[in-house]
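Shown next: structure.cif, given as mmCIF, N, CA and C atoms.
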```
data_work
loop_
_atom_site.label_atom_id
_atom_site.label_comp_id
_atom_site.auth_asym_id
_atom_site.auth_seq_id
_atom_site.Cartn_x
_atom_site.Cartn_y
_atom_site.Cartn_z
N MET A 1 1.85 6.41 20.05
CA MET A 1 1.83 7.82 20.37
C MET A 1 1.41 8.59 19.12
N ALA A 2 0.37 9.37 19.25
CA ALA A 2 -0.12 10.15 18.11
C ALA A 2 0.77 11.35 17.87
N ARG A 3 0.88 11.72 16.62
CA ARG A 3 1.69 12.88 16.25
C ARG A 3 0.80 13.89 15.54
N ASP A 4 1.17 15.14 15.67
CA ASP A 4 0.51 16.19 14.88
C ASP A 4 1.27 16.33 13.58
N ILE A 5 0.57 16.15 12.49
CA ILE A 5 1.18 16.26 11.17
C ILE A 5 0.44 17.36 10.43
N ASP A 6 1.20 18.34 9.94
CA ASP A 6 0.57 19.48 9.26
C ASP A 6 -0.27 19.07 8.07
N ARG A 7 0.27 18.26 7.20
CA ARG A 7 -0.44 17.84 6.00
C ARG A 7 -0.21 16.35 5.78
N PRO A 8 -0.96 15.52 6.50
CA PRO A 8 -0.76 14.08 6.32
C PRO A 8 -1.26 13.62 4.95
N MET A 9 -0.65 12.59 4.43
CA MET A 9 -1.12 11.97 3.19
C MET A 9 -2.50 11.39 3.47
N LEU A 10 -3.42 11.56 2.56
CA LEU A 10 -4.75 10.99 2.71
C LEU A 10 -4.79 9.59 2.12
N TRP A 11 -5.78 8.80 2.54
CA TRP A 11 -5.89 7.41 2.10
C TRP A 11 -5.92 7.33 0.58
N GLN A 12 -6.74 8.16 -0.08
CA GLN A 12 -6.84 8.08 -1.53
C GLN A 12 -5.51 8.43 -2.20
N GLU A 13 -4.78 9.38 -1.64
CA GLU A 13 -3.45 9.71 -2.18
C GLU A 13 -2.52 8.51 -2.05
N ALA A 14 -2.60 7.84 -0.92
CA ALA A 14 -1.76 6.67 -0.69
C ALA A 14 -2.14 5.55 -1.66
N VAL A 15 -3.42 5.33 -1.85
CA VAL A 15 -3.88 4.29 -2.78
C VAL A 15 -3.42 4.61 -4.20
N ASP A 16 -3.57 5.86 -4.61
CA ASP A 16 -3.14 6.24 -5.96
C ASP A 16 -1.64 5.99 -6.15
N PHE A 17 -0.84 6.38 -5.17
CA PHE A 17 0.60 6.15 -5.27
C PHE A 17 0.90 4.65 -5.30
N PHE A 18 0.27 3.90 -4.43
CA PHE A 18 0.48 2.45 -4.36
C PHE A 18 0.14 1.80 -5.70
N GLU A 19 -1.02 2.17 -6.26
CA GLU A 19 -1.46 1.58 -7.53
C GLU A 19 -0.52 1.93 -8.69
N ASN A 20 -0.06 3.17 -8.71
CA ASN A 20 0.74 3.64 -9.85
C ASN A 20 2.23 3.38 -9.73
N GLU A 21 2.74 3.35 -8.52
CA GLU A 21 4.20 3.24 -8.33
C GLU A 21 4.66 1.89 -7.77
N ILE A 22 3.83 1.24 -6.98
CA ILE A 22 4.26 0.01 -6.31
C ILE A 22 3.66 -1.24 -6.97
N MET A 23 2.39 -1.16 -7.36
CA MET A 23 1.73 -2.33 -7.95
C MET A 23 2.38 -2.84 -9.23
N PRO A 24 2.94 -1.99 -10.09
CA PRO A 24 3.60 -2.55 -11.28
C PRO A 24 4.71 -3.55 -10.93
N GLY A 25 5.47 -3.27 -9.89
CA GLY A 25 6.50 -4.21 -9.45
C GLY A 25 5.92 -5.49 -8.89
N ILE A 26 4.81 -5.37 -8.18
CA ILE A 26 4.14 -6.56 -7.65
C ILE A 26 3.60 -7.41 -8.79
N ARG A 27 2.99 -6.77 -9.77
CA ARG A 27 2.47 -7.52 -10.92
C ARG A 27 3.58 -8.23 -11.68
N GLU A 28 4.73 -7.59 -11.77
CA GLU A 28 5.87 -8.23 -12.43
C GLU A 28 6.31 -9.47 -11.65
N THR A 29 6.35 -9.35 -10.33
CA THR A 29 6.69 -10.50 -9.48
C THR A 29 5.66 -11.61 -9.65
N GLU A 30 4.37 -11.26 -9.68
CA GLU A 30 3.32 -12.27 -9.85
C GLU A 30 3.47 -12.99 -11.18
N CYS A 31 3.82 -12.25 -12.21
CA CYS A 31 4.02 -12.84 -13.53
C CYS A 31 5.19 -13.82 -13.53
N LYS A 32 6.27 -13.44 -12.87
CA LYS A 32 7.44 -14.32 -12.78
C LYS A 32 7.12 -15.57 -11.98
N GLN A 33 6.28 -15.45 -10.95
CA GLN A 33 5.95 -16.59 -10.11
C GLN A 33 5.03 -17.58 -10.82
N SER A 34 4.08 -17.07 -11.61
CA SER A 34 3.07 -17.97 -12.18
C SER A 34 3.20 -18.18 -13.68
N GLY A 35 3.98 -17.39 -14.35
CA GLY A 35 4.14 -17.52 -15.80
C GLY A 35 3.25 -16.53 -16.52
N PRO A 36 3.61 -16.19 -17.74
CA PRO A 36 2.91 -15.12 -18.47
C PRO A 36 1.51 -15.48 -18.95
N PHE A 37 1.16 -16.76 -18.99
CA PHE A 37 -0.12 -17.16 -19.56
C PHE A 37 -1.19 -17.42 -18.51
N ASP A 38 -0.78 -17.55 -17.27
CA ASP A 38 -1.74 -17.81 -16.19
C ASP A 38 -1.33 -17.02 -14.96
N VAL A 39 -1.38 -15.70 -15.07
CA VAL A 39 -0.96 -14.84 -13.97
C VAL A 39 -2.02 -14.84 -12.88
N SER A 40 -1.63 -15.25 -11.69
CA SER A 40 -2.56 -15.22 -10.57
C SER A 40 -2.11 -14.17 -9.56
N GLU A 41 -3.08 -13.53 -8.95
CA GLU A 41 -2.78 -12.50 -7.97
C GLU A 41 -2.26 -13.13 -6.69
N ASP A 42 -1.23 -12.54 -6.14
CA ASP A 42 -0.66 -12.97 -4.87
C ASP A 42 -1.14 -11.98 -3.80
N ASN A 43 -2.38 -12.20 -3.31
CA ASN A 43 -2.97 -11.26 -2.37
C ASN A 43 -2.18 -11.12 -1.07
N PRO A 44 -1.60 -12.20 -0.53
CA PRO A 44 -0.76 -12.01 0.66
C PRO A 44 0.43 -11.07 0.38
N LEU A 45 1.05 -11.20 -0.78
CA LEU A 45 2.16 -10.31 -1.16
C LEU A 45 1.66 -8.87 -1.26
N ARG A 46 0.53 -8.67 -1.89
CA ARG A 46 -0.02 -7.33 -2.04
C ARG A 46 -0.32 -6.70 -0.68
N CYS A 47 -0.99 -7.46 0.19
CA CYS A 47 -1.35 -6.93 1.51
C CYS A 47 -0.11 -6.66 2.36
N GLU A 48 0.85 -7.56 2.33
CA GLU A 48 2.07 -7.36 3.10
C GLU A 48 2.84 -6.14 2.60
N THR A 49 2.88 -5.96 1.29
CA THR A 49 3.57 -4.80 0.74
C THR A 49 2.87 -3.51 1.17
N TRP A 50 1.54 -3.48 1.11
CA TRP A 50 0.78 -2.31 1.58
C TRP A 50 1.07 -2.04 3.06
N ASN A 51 1.03 -3.09 3.87
CA ASN A 51 1.27 -2.93 5.31
C ASN A 51 2.68 -2.40 5.58
N ASN A 52 3.66 -2.96 4.91
CA ASN A 52 5.04 -2.51 5.11
C ASN A 52 5.22 -1.07 4.65
N TRP A 53 4.59 -0.73 3.53
CA TRP A 53 4.73 0.62 3.00
C TRP A 53 4.05 1.64 3.91
N THR A 54 2.82 1.34 4.37
CA THR A 54 2.14 2.29 5.26
C THR A 54 2.86 2.38 6.60
N ASP A 55 3.49 1.31 7.04
CA ASP A 55 4.31 1.36 8.25
C ASP A 55 5.46 2.34 8.06
N SER A 56 6.08 2.31 6.89
CA SER A 56 7.19 3.24 6.63
C SER A 56 6.68 4.68 6.55
N LEU A 57 5.48 4.88 6.00
CA LEU A 57 4.89 6.22 5.97
C LEU A 57 4.66 6.75 7.39
N CYS A 58 4.19 5.88 8.26
CA CYS A 58 3.94 6.27 9.64
C CYS A 58 5.25 6.60 10.35
N LYS A 59 6.23 5.75 10.20
CA LYS A 59 7.52 5.98 10.86
C LYS A 59 8.23 7.21 10.33
N SER A 60 7.91 7.61 9.09
CA SER A 60 8.51 8.80 8.50
C SER A 60 7.72 10.07 8.79
N GLY A 61 6.59 9.93 9.49
CA GLY A 61 5.77 11.08 9.83
C GLY A 61 4.92 11.60 8.68
N ILE A 62 4.68 10.77 7.69
CA ILE A 62 3.87 11.17 6.54
C ILE A 62 2.39 10.92 6.81
N ILE A 63 2.11 9.87 7.58
CA ILE A 63 0.76 9.62 8.07
C ILE A 63 0.83 9.47 9.58
N SER A 64 -0.31 9.64 10.21
CA SER A 64 -0.36 9.56 11.67
C SER A 64 -0.48 8.10 12.14
N ASP A 65 -0.27 7.91 13.40
CA ASP A 65 -0.44 6.58 13.99
C ASP A 65 -1.89 6.10 13.81
N TRP A 66 -2.83 7.05 13.97
CA TRP A 66 -4.24 6.69 13.81
C TRP A 66 -4.52 6.23 12.39
N GLN A 67 -4.00 6.96 11.40
CA GLN A 67 -4.21 6.56 10.01
C GLN A 67 -3.64 5.17 9.77
N TYR A 68 -2.44 4.94 10.24
CA TYR A 68 -1.80 3.64 10.05
C TYR A 68 -2.64 2.52 10.65
N ALA A 69 -3.18 2.76 11.82
CA ALA A 69 -3.94 1.73 12.52
C ALA A 69 -5.34 1.52 11.93
N ASN A 70 -5.87 2.51 11.23
CA ASN A 70 -7.27 2.45 10.81
C ASN A 70 -7.51 2.37 9.31
N TRP A 71 -6.50 2.58 8.50
CA TRP A 71 -6.70 2.51 7.05
C TRP A 71 -7.00 1.09 6.61
N SER A 72 -7.91 0.97 5.65
CA SER A 72 -8.18 -0.32 5.04
C SER A 72 -7.19 -0.54 3.88
N HIS A 73 -7.14 -1.76 3.41
CA HIS A 73 -6.31 -2.07 2.24
C HIS A 73 -6.94 -1.47 0.99
N PRO A 74 -6.15 -1.18 -0.02
CA PRO A 74 -6.71 -0.68 -1.28
C PRO A 74 -7.42 -1.81 -2.03
N PRO A 75 -8.27 -1.46 -2.99
CA PRO A 75 -9.00 -2.48 -3.75
C PRO A 75 -8.10 -3.54 -4.41
N SER A 76 -6.91 -3.18 -4.79
CA SER A 76 -6.02 -4.15 -5.44
C SER A 76 -5.57 -5.27 -4.50
N CYS A 77 -5.79 -5.10 -3.21
CA CYS A 77 -5.40 -6.12 -2.24
C CYS A 77 -6.56 -7.05 -1.89
N ASP A 78 -7.74 -6.78 -2.43
CA ASP A 78 -8.92 -7.63 -2.13
C ASP A 78 -8.89 -8.91 -2.89
#
```
Show this structure as structure tokens.
Amino acid sequence: MARDIDRPMLWQEAVDFFENEIMPGIRETECKQSGPFDVSEDNPLRCETWNNWTDSLCKSGIISDWQYANWSHPPSCD
């Protein structure tokens, strides 16, 4: 069900927040998983975190159902 949202968060705003506020914790987890000398990206973790976070944005009325269904992943998830 689509909702009318006066000022929905835009994709770039969401990406900026994700990169600056959420990715540092993901990078810390990746470092702990692989060790400090050979840090490998955990793309499934990154994508799942993005999906869970945007789901919470949608359920909180910060983004619309359409945005949630149609947004692509940020570059850090590629």
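Counting from CA of Asp4 (chain A), the distance to atom C of Cys58 (chain A) is 11.6 Å.
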* Asked: Got a sec: who's within 12 Å of Gln12 (chain A), counting only C-alpha atoms, leaving out chain neighbours fewer than 5 positions off, as a ChimeraX atom specification?
  -> /A:17-19,67,71-75
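Comparing A:Cys31, A:Ile63, A:Ala69, A:Cys77 by their smallest distance to Leu45 (chain A), the closest is A:Cys77 (using all atoms listed in the file).
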* **Pick from A:Pro8, A:Trp50, A:Asn43, A:Gly61 nearest to Glu21 (chain A), counting only C-alpha atoms** =>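 Looking only at the distances to Glu21 (chain A), the closest residue turns out to be A:Trp50.
Proximity to Leu10 (chain A) was assessed for A:Leu57, A:Ser76, A:Ile62, A:Ser34 counting only N, CA and C atoms; the smallest distance is recorded for A:Ile62.
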